[in-house]
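S.K.: Have a peek at coords38.cif (mmCIF, C-alpha atoms).
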data_upload
#
loop_
_atom_site.label_atom_id
_atom_site.label_comp_id
_atom_site.auth_asym_id
_atom_site.auth_seq_id
_atom_site.Cartn_x
_atom_site.Cartn_y
_atom_site.Cartn_z
CA MET A 77 0.00 0.00 0.00
CA SER A 78 1.43 3.38 -1.03
CA ALA A 79 2.11 6.21 1.40
CA ALA A 80 -0.35 8.40 -0.51
CA HIS A 81 -3.09 5.79 -0.12
CA ILE A 82 -2.37 5.47 3.61
CA SER A 83 -2.49 9.26 3.99
CA TYR A 84 -5.80 9.48 2.11
CA SER A 85 -7.30 6.67 4.19
CA SER A 86 -6.18 8.43 7.36
CA TYR A 87 -7.83 11.69 6.27
CA SER A 88 -10.99 9.85 5.25
CA SER A 89 -11.16 8.06 8.60
CA GLN A 90 -10.65 11.33 10.47
CA HIS A 91 -13.38 13.04 8.46
CA THR A 92 -15.75 10.17 9.19
CA LYS A 93 -15.08 10.66 12.91
CA TYR A 94 -15.81 14.37 12.61
CA ALA A 95 -19.09 13.61 10.82
CA ALA A 96 -20.06 11.10 13.51
CA VAL A 97 -19.34 13.57 16.31
CA ILE A 98 -21.36 16.30 14.57
CA ALA A 99 -24.26 13.88 14.03
CA ALA A 100 -24.21 12.87 17.70
CA VAL A 101 -24.02 16.46 18.94
CA ALA A 102 -26.80 17.63 16.60
CA THR A 103 -29.05 14.72 17.56
CA ALA A 104 -28.45 15.40 21.26
CA ALA A 105 -29.23 19.11 20.80
CA ALA A 106 -32.45 18.28 18.95
CA LEU A 107 -33.53 15.74 21.56
CA LEU A 108 -32.83 18.25 24.32
CA MET A 109 -35.02 20.73 22.50
CA VAL A 110 -37.80 18.17 22.26
CA LEU A 111 -37.57 16.80 25.78
CA PHE A 112 -36.74 19.87 27.86
CA PHE A 113 -37.71 23.00 25.89
CA PHE A 114 -40.72 21.52 24.10
CA HIS A 115 -43.36 23.15 26.28
CA PHE A 116 -41.83 26.62 25.98
CA VAL A 117 -41.98 26.84 22.18
CA ASN A 118 -44.27 24.07 21.04
CA ALA A 119 -47.41 24.85 19.09
CA GLY A 120 -48.11 21.20 18.26
CA ASP A 121 -49.56 21.13 14.77
CA PRO A 122 -50.17 24.82 13.94
CA TYR A 123 -50.79 24.26 10.23
CA ASP A 124 -52.75 21.00 10.50
CA TYR A 125 -50.14 18.92 8.71
CA GLY A 126 -50.92 15.97 10.95
CA ASN A 127 -54.63 16.26 10.23
CA ILE A 128 -53.94 16.53 6.50
CA ALA A 129 -51.78 13.41 6.69
CA HIS A 130 -54.52 11.51 8.55
CA ARG A 131 -56.95 12.43 5.78
CA PHE A 132 -54.46 11.10 3.23
CA VAL A 133 -54.37 7.79 5.08
CA GLU A 134 -58.14 7.57 5.37
CA HIS A 135 -59.32 9.06 2.07
CA GLY A 136 -56.30 9.65 -0.16
CA PHE A 137 -55.54 12.98 -1.87
CA THR A 138 -58.99 14.40 -2.52
CA LYS A 139 -58.56 18.19 -2.38
CA LEU A 140 -55.78 20.47 -3.61
CA THR A 141 -54.71 23.03 -1.02
CA ARG A 142 -51.45 24.84 -0.48
CA ARG A 143 -50.48 22.74 2.55
CA ALA A 144 -51.84 19.44 1.28
CA ALA A 145 -49.86 19.81 -1.96
CA SER A 146 -46.54 19.35 -0.20
CA LEU A 147 -44.22 16.40 0.23
CA TYR A 148 -44.15 17.03 3.99
CA PRO A 149 -47.68 15.79 4.83
CA GLU A 150 -47.05 12.92 2.40
CA PHE A 151 -44.03 12.01 4.53
CA ILE A 152 -46.09 12.19 7.72
CA ALA A 153 -48.81 10.08 6.12
CA LEU A 154 -46.20 7.42 5.30
CA VAL A 155 -45.18 7.35 8.96
CA TYR A 156 -48.83 6.95 9.97
CA ARG A 157 -49.38 4.16 7.43
CA LEU A 158 -46.42 2.29 8.90
CA GLY A 159 -47.96 2.52 12.37
CA GLY A 160 -45.98 5.52 13.60
CA THR A 161 -47.26 8.47 15.61
CA ASP A 162 -46.43 12.16 15.94
CA HIS A 163 -43.65 11.17 18.34
CA VAL A 164 -42.03 9.14 15.56
CA VAL A 165 -42.31 12.10 13.19
CA ILE A 166 -40.62 14.37 15.73
CA PHE A 167 -37.85 11.83 16.34
CA LEU A 168 -37.28 11.61 12.60
CA GLN A 169 -37.09 15.40 12.51
CA CYS A 170 -34.27 15.16 15.07
CA LEU A 171 -32.50 12.87 12.63
CA PHE A 172 -33.18 15.27 9.75
CA HIS A 173 -31.54 18.00 11.82
CA ALA A 174 -28.51 15.79 12.42
CA ALA A 175 -28.33 14.81 8.74
CA THR A 176 -28.45 18.49 7.75
CA CYS A 177 -25.49 19.22 10.03
CA VAL A 178 -23.50 16.33 8.53
CA LEU A 179 -24.24 17.56 5.02
CA VAL A 180 -23.06 21.02 6.04
CA PHE A 181 -19.84 19.48 7.34
CA ARG A 182 -19.35 17.74 3.98
CA LEU A 183 -20.03 20.98 2.12
CA GLY A 184 -17.50 22.90 4.21
CA LEU A 185 -14.96 20.12 3.83
CA ARG A 186 -15.43 19.78 0.08
CA ILE A 187 -15.26 23.48 -0.81
CA TYR A 188 -13.02 24.78 1.98
CA ASN A 189 -11.36 22.56 4.59
CA ALA A 190 -12.02 20.27 7.54
CA ARG A 191 -12.06 22.98 10.18
CA THR A 192 -14.62 24.97 8.23
CA GLY A 193 -16.77 21.86 7.90
CA VAL A 194 -16.62 21.12 11.62
CA LEU A 195 -17.41 24.71 12.58
CA ALA A 196 -20.29 24.91 10.12
CA GLY A 197 -21.73 21.62 11.35
CA LEU A 198 -21.56 22.75 14.98
CA PHE A 199 -23.01 26.18 14.17
CA CYS A 200 -26.01 24.43 12.62
CA ALA A 201 -26.27 21.87 15.42
CA PHE A 202 -26.94 24.62 17.97
CA HIS A 203 -28.61 27.23 15.78
CA PRO A 204 -31.85 28.19 17.57
CA MET A 205 -33.73 28.79 14.32
CA LEU A 206 -32.97 25.26 13.14
CA LEU A 207 -33.77 23.73 16.51
CA ARG A 208 -36.96 25.75 16.96
CA TYR A 209 -38.97 23.75 14.43
CA VAL A 210 -37.84 20.25 15.38
CA PRO A 211 -40.44 19.62 18.14
CA ASP A 212 -43.50 20.65 16.09
CA LEU A 213 -45.23 19.35 13.00
CA HIS A 214 -43.59 22.14 11.03
CA MET A 215 -42.06 21.39 7.64
CA GLU A 216 -38.89 23.43 8.32
CA SER A 217 -36.66 20.58 9.56
CA PHE A 218 -37.66 18.37 6.62
CA LEU A 219 -37.41 21.25 4.14
CA THR A 220 -34.03 22.40 5.46
CA PHE A 221 -32.64 18.91 5.07
CA MET A 222 -33.99 18.66 1.52
CA CYS A 223 -32.61 22.08 0.56
CA THR A 224 -29.18 21.32 2.03
CA PHE A 225 -29.21 17.93 0.32
CA THR A 226 -29.97 19.70 -2.95
CA VAL A 227 -27.03 22.08 -2.50
CA TRP A 228 -24.79 19.10 -1.72
CA THR A 229 -25.82 17.45 -4.99
CA THR A 230 -25.08 20.66 -6.93
CA VAL A 231 -21.57 20.80 -5.44
CA ARG A 232 -21.07 17.17 -6.40
CA PHE A 233 -22.37 17.96 -9.90
CA HIS A 234 -20.00 20.92 -10.24
CA ASP A 235 -17.05 18.69 -9.34
CA ARG A 236 -18.16 15.85 -11.62
CA PRO A 237 -20.75 16.95 -14.21
CA THR A 238 -21.92 13.51 -15.27
CA VAL A 239 -25.37 12.41 -16.41
CA ALA A 240 -25.80 10.40 -13.20
CA ASN A 241 -25.01 13.42 -11.05
CA GLY A 242 -27.32 15.56 -13.18
CA ILE A 243 -30.16 13.11 -12.56
CA LEU A 244 -29.34 13.18 -8.84
CA VAL A 245 -29.61 17.00 -8.74
CA GLY A 246 -32.90 16.86 -10.65
CA VAL A 247 -34.52 14.22 -8.45
CA VAL A 248 -33.36 15.58 -5.08
CA GLY A 249 -33.93 19.20 -6.10
CA MET A 250 -37.44 18.53 -7.34
CA CYS A 251 -38.30 16.62 -4.16
CA ALA A 252 -37.19 19.72 -2.24
CA THR A 253 -39.35 21.82 -4.57
CA LEU A 254 -42.36 19.57 -4.00
CA THR A 255 -41.87 20.16 -0.29
CA LYS A 256 -41.97 23.91 -0.92
CA GLY A 257 -41.74 25.65 -4.26
CA VAL A 258 -39.16 28.21 -3.14
CA MET A 259 -36.37 25.90 -4.34
CA LEU A 260 -37.53 25.87 -7.97
CA PRO A 261 -36.00 29.26 -8.93
CA TYR A 262 -32.64 28.18 -7.54
CA LEU A 263 -32.69 24.97 -9.56
CA GLY A 264 -33.47 26.98 -12.68
CA VAL A 265 -30.66 29.47 -12.04
CA PHE A 266 -28.17 26.72 -11.20
CA GLY A 267 -29.13 24.85 -14.35
CA ILE A 268 -28.67 27.96 -16.49
CA VAL A 269 -25.27 28.76 -14.93
CA SER A 270 -24.15 25.16 -15.37
CA GLY A 271 -25.35 25.19 -18.97
CA VAL A 272 -23.39 28.36 -19.73
CA LEU A 273 -20.26 26.87 -18.14
CA ALA A 274 -20.74 23.70 -20.20
CA LEU A 275 -21.06 25.69 -23.43
CA LYS A 276 -17.99 27.75 -22.60
CA ALA A 277 -16.05 24.56 -21.97
CA ARG A 278 -17.47 23.15 -25.24
CA SER A 279 -18.14 19.90 -23.41
CA ILE A 280 -20.87 17.69 -24.84
CA GLN A 281 -20.71 15.58 -21.69
CA ARG A 282 -21.40 18.57 -19.44
CA VAL A 283 -24.23 19.78 -21.68
CA GLY A 284 -25.73 16.31 -21.54
CA ALA A 285 -25.45 16.33 -17.75
CA VAL A 286 -27.35 19.63 -17.54
CA VAL A 287 -30.04 18.31 -19.89
CA ALA A 288 -30.31 15.17 -17.72
CA MET A 289 -30.89 17.37 -14.69
CA PHE A 290 -33.84 19.18 -16.29
CA VAL A 291 -35.28 15.94 -17.67
CA ALA A 292 -35.14 14.36 -14.22
CA MET A 293 -36.91 17.40 -12.77
CA ALA A 294 -39.68 17.08 -15.35
CA VAL A 295 -40.07 13.35 -14.76
CA VAL A 296 -40.48 13.86 -11.00
CA LEU A 297 -42.82 16.83 -11.44
CA ALA A 298 -45.13 15.39 -14.14
CA PRO A 299 -47.07 12.91 -11.94
CA TRP A 300 -47.50 15.60 -9.28
CA THR A 301 -48.96 18.11 -11.74
CA TYR A 302 -51.16 15.43 -13.32
CA ARG A 303 -52.53 14.54 -9.90
CA ASN A 304 -53.36 18.23 -9.34
CA TYR A 305 -55.08 18.26 -12.74
CA GLN A 306 -57.25 15.29 -11.82
CA VAL A 307 -58.17 16.46 -8.33
CA THR A 308 -59.15 19.96 -9.49
CA GLY A 309 -61.36 18.70 -12.31
CA GLY A 310 -59.06 19.63 -15.17
CA ARG A 311 -57.39 22.82 -13.94
CA PHE A 312 -53.64 23.25 -14.38
CA VAL A 313 -51.69 23.78 -11.14
CA LEU A 314 -47.97 23.15 -11.61
CA LEU A 315 -47.02 22.73 -7.95
CA THR A 316 -49.47 24.23 -5.50
CA PRO A 317 -51.82 27.20 -5.21
CA GLY A 318 -50.81 30.11 -3.01
CA ALA A 319 -48.18 32.18 -4.84
CA SER A 320 -50.55 35.12 -5.37
CA ASP A 321 -51.73 34.79 -1.77
CA SER A 322 -48.13 35.15 -0.57
CA PHE A 323 -47.42 37.98 -3.01
CA LEU A 324 -50.33 40.05 -1.71
CA ARG A 325 -49.50 39.33 1.92
CA GLY A 326 -46.09 40.85 1.32
CA TYR A 327 -47.63 44.29 0.72
CA VAL A 328 -48.95 44.29 4.27
CA PHE A 329 -46.19 42.46 6.15
CA THR A 330 -43.50 44.81 4.81
CA ARG A 331 -45.29 48.01 5.84
CA TRP A 332 -43.35 50.23 8.24
CA GLU A 333 -45.28 49.32 11.39
CA PHE A 334 -44.77 45.59 10.76
CA ALA A 335 -41.23 45.72 9.32
CA THR A 336 -40.13 47.63 12.43
CA LEU A 337 -42.23 45.30 14.60
CA GLN A 338 -44.16 48.15 16.21
CA LYS A 339 -47.15 45.88 15.61
CA PRO A 340 -47.00 42.05 15.70
CA PRO A 341 -47.03 40.76 12.09
CA TYR A 342 -48.44 37.32 12.84
CA THR A 343 -51.57 38.76 14.43
CA ASP A 344 -52.30 42.30 13.25
CA ALA A 345 -50.92 41.91 9.74
CA GLU A 346 -52.38 38.43 9.42
CA ASN A 347 -55.84 39.61 10.41
CA GLU A 348 -55.69 42.56 8.04
CA VAL A 349 -54.65 40.36 5.14
CA ASN A 350 -57.32 37.77 5.85
CA ASN A 351 -60.00 40.47 5.82
CA TRP A 352 -58.56 41.72 2.53
CA PHE A 353 -58.79 38.23 1.00
CA ARG A 354 -62.38 37.86 2.15
CA GLN A 355 -63.21 41.11 0.40
CA ILE A 356 -61.40 40.00 -2.79
CA ALA A 357 -63.43 36.79 -2.78
CA ARG A 358 -66.71 38.65 -2.20
CA ASP A 359 -65.91 41.05 -5.05
CA ALA A 360 -65.39 38.02 -7.30
CA GLY A 361 -68.65 36.45 -6.17
CA THR A 362 -66.97 33.61 -4.27
CA GLU A 363 -66.16 32.65 -0.70
CA TRP A 364 -62.59 32.75 0.57
CA GLU A 365 -60.97 29.40 1.44
CA LYS A 366 -63.80 27.40 -0.11
CA ASP A 367 -61.56 26.55 -3.08
CA GLU A 368 -57.90 27.59 -2.90
CA VAL A 369 -57.44 27.26 -6.66
CA VAL A 370 -60.26 29.77 -7.19
CA ASP A 371 -58.73 31.99 -4.48
CA GLU A 372 -55.43 31.84 -6.36
CA GLU A 373 -57.10 33.04 -9.56
CA ASN A 374 -58.87 35.88 -7.77
CA ASN A 375 -55.73 36.98 -5.94
CA ALA A 376 -53.66 36.78 -9.12
CA ARG A 377 -55.92 39.35 -10.79
CA VAL A 378 -55.49 41.73 -7.87
CA ALA A 379 -51.71 41.15 -7.80
CA LYS A 380 -51.40 42.00 -11.51
CA HIS A 381 -53.46 45.14 -10.97
CA LEU A 382 -51.25 46.28 -8.07
CA ILE A 383 -48.04 45.65 -10.04
CA ALA A 384 -49.38 47.76 -12.90
CA THR A 385 -50.91 50.58 -10.85
CA GLN A 386 -48.63 50.72 -7.80
CA PRO A 387 -45.09 49.94 -9.06
CA LEU A 388 -43.41 52.01 -6.33
CA ASP A 389 -45.29 50.20 -3.59
CA THR A 390 -44.37 46.91 -5.20
CA ALA A 391 -40.71 47.95 -5.36
CA ARG A 392 -40.90 49.01 -1.71
CA LYS A 393 -42.37 45.66 -0.78
CA VAL A 394 -39.54 43.74 -2.46
CA PHE A 395 -36.74 45.97 -1.13
CA VAL A 396 -37.95 45.85 2.46
CA GLY A 397 -38.56 42.13 2.10
CA LEU A 398 -34.89 41.51 1.37
CA PHE A 399 -34.23 42.42 5.01
CA THR A 400 -37.37 41.20 6.81
CA PHE A 401 -36.59 37.78 5.32
CA TRP A 402 -33.87 37.50 7.95
CA TYR A 403 -35.63 38.67 11.09
CA GLU A 404 -39.40 39.30 10.96
CA MET A 405 -40.87 36.91 13.52
CA THR A 406 -43.83 37.00 15.91
CA SER A 407 -42.55 39.90 18.01
CA LEU A 408 -39.62 42.29 18.45
CA ARG A 409 -38.08 40.09 21.14
CA ASN A 410 -38.32 36.94 19.04
CA SER A 411 -36.98 38.78 16.02
CA LEU A 412 -33.82 39.94 17.80
CA ILE A 413 -32.40 36.42 17.92
CA PRO A 414 -32.57 35.49 14.20
CA GLY A 415 -31.79 39.08 13.18
CA SER A 416 -28.67 39.29 15.33
CA LEU A 417 -27.45 35.86 14.31
CA ALA A 418 -27.99 36.67 10.63
CA LEU A 419 -26.10 39.96 10.97
CA ILE A 420 -23.13 38.27 12.66
CA ALA A 421 -23.17 35.41 10.15
CA TRP A 422 -23.21 37.78 7.17
CA ALA A 423 -20.29 39.78 8.63
CA LEU A 424 -18.27 36.57 8.97
CA ALA A 425 -19.45 35.35 5.56
CA ILE A 426 -18.11 38.50 3.89
CA VAL A 427 -14.71 37.84 5.45
CA GLY A 428 -14.86 34.26 4.18
CA LEU A 429 -16.04 35.23 0.71
CA ARG A 430 -13.16 37.66 0.25
CA SER A 431 -10.68 34.99 1.31
CA ALA A 432 -12.34 32.37 -0.91
CA HIS A 433 -12.18 34.73 -3.89
CA ARG A 434 -8.44 35.20 -3.40
CA GLU A 435 -7.96 31.44 -3.12
CA GLY A 436 -10.13 30.67 -6.14
CA ARG A 437 -12.67 28.55 -4.25
CA PRO A 438 -16.13 28.07 -5.83
CA SER A 439 -18.10 29.80 -3.07
CA TRP A 440 -20.81 30.70 -5.57
CA LEU A 441 -22.15 27.19 -5.08
CA ILE A 442 -22.99 28.17 -1.50
CA TRP A 443 -24.06 31.79 -1.85
CA LEU A 444 -26.16 31.28 -4.99
CA PRO A 445 -29.01 29.42 -3.21
CA ILE A 446 -28.97 32.05 -0.45
CA VAL A 447 -29.25 34.97 -2.86
CA VAL A 448 -31.82 33.35 -5.14
CA MET A 449 -34.08 32.33 -2.28
CA ASN A 450 -33.67 35.69 -0.54
CA VAL A 451 -34.70 37.57 -3.68
CA PHE A 452 -37.49 35.18 -4.62
CA VAL A 453 -39.06 35.18 -1.17
CA ALA A 454 -38.74 38.99 -1.06
CA LEU A 455 -41.08 38.98 -4.05
CA LEU A 456 -43.59 37.03 -1.96
CA ILE A 457 -43.99 37.17 1.82
CA PRO A 458 -40.52 37.58 3.38
CA LEU A 459 -40.87 36.40 6.97
CA GLY A 460 -37.92 35.32 9.11
CA ARG A 461 -39.11 31.72 9.28
CA TYR A 462 -38.63 31.40 5.54
CA SER A 463 -34.88 31.99 5.84
CA VAL A 464 -34.47 28.74 7.78
CA PRO A 465 -33.87 26.43 4.76
CA ILE A 466 -30.76 28.31 3.65
CA ILE A 467 -29.32 29.05 7.10
CA PRO A 468 -27.01 26.00 6.71
CA CYS A 469 -25.50 27.60 3.60
CA LEU A 470 -24.97 30.87 5.44
CA MET A 471 -23.40 28.99 8.36
CA THR A 472 -20.95 27.39 5.93
CA LEU A 473 -19.83 30.78 4.62
CA ALA A 474 -19.64 32.15 8.18
CA ALA A 475 -17.57 29.16 9.27
CA PHE A 476 -15.01 29.83 6.57
CA GLY A 477 -14.95 33.45 7.76
CA VAL A 478 -14.10 32.21 11.26
CA ASP A 479 -11.48 29.89 9.77
CA THR A 480 -9.95 32.83 7.93
CA LEU A 481 -9.84 34.97 11.07
CA LEU A 482 -8.29 32.14 13.08
CA ASN A 483 -5.53 31.80 10.53
CA ARG A 484 -4.93 35.53 10.51
CA LEU A 485 -4.60 35.53 14.29
CA ASN A 486 -2.34 32.46 14.20
CA LEU A 487 -4.68 30.55 16.51
CA ALA A 488 -4.74 27.36 14.48
CA SER A 489 -1.78 25.96 16.44
CA SER A 490 -2.82 27.17 19.89
CA GLY A 491 -4.08 23.79 21.04
CA LEU A 492 -7.74 24.27 20.21
CA ALA A 493 -9.57 20.98 19.83
CA LEU A 494 -10.40 21.71 16.23
CA PRO A 495 -8.93 20.22 13.08
CA GLY A 496 -6.57 22.46 11.16
CA ARG A 497 -6.74 23.33 7.48
CA SER A 498 -6.26 20.42 5.11
#
Just dump the structure as structure tokens.
M.R.:
Amino acid sequence: MSAAHISYSSYSSQHTKYAAVIAAVATAAALLMVLFFFHFVNAGDPYDYGNIAHRFVEHGFTKLTRRAASLYPEFIALVYRLGGTDHVVIFLQCLFHAATCVLVFRLGLRIYNARTGVLAGLFCAFHPMLLRYVPDLHMESFLTFMCTFTVWTTVRFHDRPTVANGILVGVVGMCATLTKGVMLPYLGVFGIVSGVLALKARSIQRVGAVVAMFVAMAVVLAPWTYRNYQVTGGRFVLLTPGASDSFLRGYVFTRWEFATLQKPPYTDAENEVNNWFRQIARDAGTEWEKDEVVDEENNARVAKHLIATQPLDTARKVFVGLFTFWYEMTSLRNSLIPGSLALIAWALAIVGLRSAHREGRPSWLIWLPIVVMNVFVALLIPLGRYSVPIIPCLMTLAAFGVDTLLNRLNLASSGLALPGRS
């Protein structure tokens, strides 16, 4: 056995140990959240995902709604069909949290170095925004795992743009999209960027890999859209209704009194919007929430009218939303935690990005999903909870910023129990 092979095996074994430690720490943190802090934050099943899943088990998919048309209640329904309970779902969400942290470690290791991967994994393991949604029947833990898994597949694709890896990106990415459609724009942008890079390289293999990615996306999406078509009696709904609903909500949630949290968004703004939607439905001769596909059509007409007649208000909504995406929670006190953590993380990320640019590292693979989702959600309803799926990416960039600062301060050899650069 060659010395190089022995060295590689040693590194691989060490990295496996790091991943195992991160998985154990993240699982323990999630279980502590469930067992000891559960009663302080738990809302149980605030969006009726469990009830939706029970209806799937008993009656199948019979009505298209925004929450029913998601892979998350399908996942819960599978647990129920196998004899599991809500406790099993929550335990699995602990494992999703741990898996997300391991994926983040692998991302940091692959693009930067081992220390960055370990730091990023630990940052995610204890991040309160990631832990917050583990104990409830919220989709965030499942969605965050799927989004991070998607980013991991894109990094793998960038390193080896093969047809197999293209199919992997398409399948995993579309499953993330079926969980929540906010990932679809990122997949489109990544596919376009990868296609341009393939054409510049004049590589038929890379072009074929990009095509395979989009074909895989279409193959996964087609049965979903056809099911929507059947359930709605022949109406076309690509993913789920609700985009216009979210777009209109953004006009209210980004107003000054809510953006500055002088008034609680999740009560005052929510009530105002709901009254607005009832009026829109009455004006259209319908009843709000009786048929969400009809609501989507009614709201879309109003959204188009506002874009055309109030462009400055629309621009204001999007601009303010770029920031509320990172902090707007239920109250000022609750918003301080995610807002402060995001501000610190972005400061560290900028340090890391500058260093990565000098070193020629492909950091765009990590910041692209952050930017695309931030902008896309700013077009809709940019609440702080919606930043959760790309927090792992931000933690990866922040971790490399910490790694850069540690090297500048010559602390890497000070006996810290952290792996050095490799």
S.K.: Taking 4 positions as the minimum chain separation for residues in the same chain, which residues sit within 10 Å of Tyr342 of chain A when counting all atoms listed in the file? Answer as a count of residues only.
M.R.: 9
S.K.: Using all atoms listed in the file, which of the listed residues (A:Cys251, A:Ala335, A:Met215, A:Val272) sits closest to Ala294 of chain A?
M.R.: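 Of all the options, A:Cys251 lies closest to Ala294 of chain A.
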S.K.: I'd like the neighbourhood of Ala201 of chain A as a list in words, where a residue qualifies if any of its atoms comes within 10 Å (using all atoms listed in the file), though same-chain residues fewer than 6 positions away should be ignored.
M.R.: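 Once the nearby chain positions are removed, what remains is Ile98, Ala99, Ala100, Val101, Ala102, Thr103, Ala104, Ala105, Ala106, His173, Ala174, Ala175, Thr176, Cys177, Val178, Val180, Leu195, Leu207 and Pro468 of chain A.
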S.K.: Kindly save the residues from that selection, with C-alpha atoms included, as a PDB file, in the coordinates of the input.
M.R.:
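Below you can see result-v6.pdb, which holds the result:
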ATOM      1  CA  ILE A  98     -21.360  16.300  14.570  1.00  0.00           C
ATOM      2  CA  ALA A  99     -24.260  13.880  14.030  1.00  0.00           C
ATOM      3  CA  ALA A 100     -24.210  12.870  17.700  1.00  0.00           C
ATOM      4  CA  VAL A 101     -24.020  16.460  18.940  1.00  0.00           C
ATOM      5  CA  ALA A 102     -26.800  17.630  16.600  1.00  0.00           C
ATOM      6  CA  THR A 103     -29.050  14.720  17.560  1.00  0.00           C
ATOM      7  CA  ALA A 104     -28.450  15.400  21.260  1.00  0.00           C
ATOM      8  CA  ALA A 105     -29.230  19.110  20.800  1.00  0.00           C
ATOM      9  CA  ALA A 106     -32.450  18.280  18.950  1.00  0.00           C
ATOM     10  CA  HIS A 173     -31.540  18.000  11.820  1.00  0.00           C
ATOM     11  CA  ALA A 174     -28.510  15.790  12.420  1.00  0.00           C
ATOM     12  CA  ALA A 175     -28.330  14.810   8.740  1.00  0.00           C
ATOM     13  CA  THR A 176     -28.450  18.490   7.750  1.00  0.00           C
ATOM     14  CA  CYS A 177     -25.490  19.220  10.030  1.00  0.00           C
ATOM     15  CA  VAL A 178     -23.500  16.330   8.530  1.00  0.00           C
ATOM     16  CA  VAL A 180     -23.060  21.020   6.040  1.00  0.00           C
ATOM     17  CA  LEU A 195     -17.410  24.710  12.580  1.00  0.00           C
ATOM     18  CA  LEU A 207     -33.770  23.730  16.510  1.00  0.00           C
ATOM     19  CA  PRO A 468     -27.010  26.000   6.710  1.00  0.00           C
TER      20      PRO A 468
END
S.K.: Enumerate, as a list in words, the residues matched when the PyMOL selection byres ((chain A and resi 462) around 10) is run on the file above.
M.R.: Glu216, Val258, Thr400, Phe401, Trp402, Tyr403, Glu404, Met405, Met449, Asn450, Val453, Ile457, Pro458, Leu459, Gly460, Arg461, Ser463, Val464, Pro465, Ile466 and Ile467 of chain A
S.K.: Please enumerate the residues selected by the PyMOL selection byres ((chain A and resi 163) around 12) when evaluated against the supplied file, formatted as a ChimeraX atom specification.
M.R.: /A:107,110-111,120,126,152,155-156,159-162,164-170,210-213
S.K.: As an exercise, work out the distance from atom CA of Phe476 of chain A to atom CA of Thr230 of chain A in Å and give it to one decimal place.
M.R.: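 For atom CA of Phe476 of chain A relative to atom CA of Thr230 of chain A, the distance reads 19.2 Å.
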S.K.: Closest to Arg282 of chain A among A:Phe233, A:Tyr302, A:Glu363, A:Val265, using all atoms listed in the file?
M.R.: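 Under the stated criterion, the closest residue is A:Phe233.
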S.K.: Restricting the calculation to all atoms listed in the file: of A:Thr224, A:Gln355, A:Ser146, A:Thr390, which residue gets closest to Tyr327 of chain A?
M.R.: A:Thr390
S.K.: Give me the result of the PyMOL selection byres ((chain A and resi 249) around 10) on this file, residue by residue, as a PDB file with C-alpha atoms, in the coordinates of the input.
M.R.:
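Saved to selection10.pdb:
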ATOM      1  CA  MET A 222     -33.990  18.660   1.520  1.00  0.00           C
ATOM      2  CA  CYS A 223     -32.610  22.080   0.560  1.00  0.00           C
ATOM      3  CA  THR A 224     -29.180  21.320   2.030  1.00  0.00           C
ATOM      4  CA  PHE A 225     -29.210  17.930   0.320  1.00  0.00           C
ATOM      5  CA  THR A 226     -29.970  19.700  -2.950  1.00  0.00           C
ATOM      6  CA  VAL A 227     -27.030  22.080  -2.500  1.00  0.00           C
ATOM      7  CA  THR A 229     -25.820  17.450  -4.990  1.00  0.00           C
ATOM      8  CA  THR A 230     -25.080  20.660  -6.930  1.00  0.00           C
ATOM      9  CA  ILE A 243     -30.160  13.110 -12.560  1.00  0.00           C
ATOM     10  CA  LEU A 244     -29.340  13.180  -8.840  1.00  0.00           C
ATOM     11  CA  VAL A 245     -29.610  17.000  -8.740  1.00  0.00           C
ATOM     12  CA  GLY A 246     -32.900  16.860 -10.650  1.00  0.00           C
ATOM     13  CA  VAL A 247     -34.520  14.220  -8.450  1.00  0.00           C
ATOM     14  CA  VAL A 248     -33.360  15.580  -5.080  1.00  0.00           C
ATOM     15  CA  MET A 250     -37.440  18.530  -7.340  1.00  0.00           C
ATOM     16  CA  CYS A 251     -38.300  16.620  -4.160  1.00  0.00           C
ATOM     17  CA  ALA A 252     -37.190  19.720  -2.240  1.00  0.00           C
ATOM     18  CA  THR A 253     -39.350  21.820  -4.570  1.00  0.00           C
ATOM     19  CA  LEU A 254     -42.360  19.570  -4.000  1.00  0.00           C
ATOM     20  CA  THR A 255     -41.870  20.160  -0.290  1.00  0.00           C
ATOM     21  CA  MET A 259     -36.370  25.900  -4.340  1.00  0.00           C
ATOM     22  CA  LEU A 260     -37.530  25.870  -7.970  1.00  0.00           C
ATOM     23  CA  TYR A 262     -32.640  28.180  -7.540  1.00  0.00           C
ATOM     24  CA  LEU A 263     -32.690  24.970  -9.560  1.00  0.00           C
ATOM     25  CA  MET A 289     -30.890  17.370 -14.690  1.00  0.00           C
ATOM     26  CA  ALA A 292     -35.140  14.360 -14.220  1.00  0.00           C
ATOM     27  CA  MET A 293     -36.910  17.400 -12.770  1.00  0.00           C
ATOM     28  CA  VAL A 296     -40.480  13.860 -11.000  1.00  0.00           C
TER      29      VAL A 296
END
S.K.: Using atom CA of Ala454 of chain A and atom CA of Gly415 of chain A as the two end points, give the distance in Å to one decimal.
M.R.: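 Spanning atom CA of Ala454 of chain A to atom CA of Gly415 of chain A is a straight-line distance of 15.8 Å.
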S.K.: Considering only C-alpha atoms, return as a PyMOL selection string whatever protein or nucleic-acid residues lie within 7 Å of Ser320 of chain A, sequence-local ones (same chain, fewer than 2 positions apart) excluded.
M.R.: chain A and resi 318+322-324+372+375-376+379
S.K.: Calculate how many Å separate atom CA of Asn351 of chain A from atom CA of Val370 of chain A, rounding to one decimal.
M.R.: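 Between atom CA of Asn351 of chain A and atom CA of Val370 of chain A the gap is 16.8 Å.
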S.K.: Axis-aligned box over every listed atom of segment 437-453 of chain A, padded by 5 Å per side: centre and edges in Å to one decimal, as JSON?
M.R.:
{"center_x": -25.9, "center_y": 32.4, "center_z": -3.1, "size_x": 36.4, "size_y": 20.4, "size_z": 15.4}
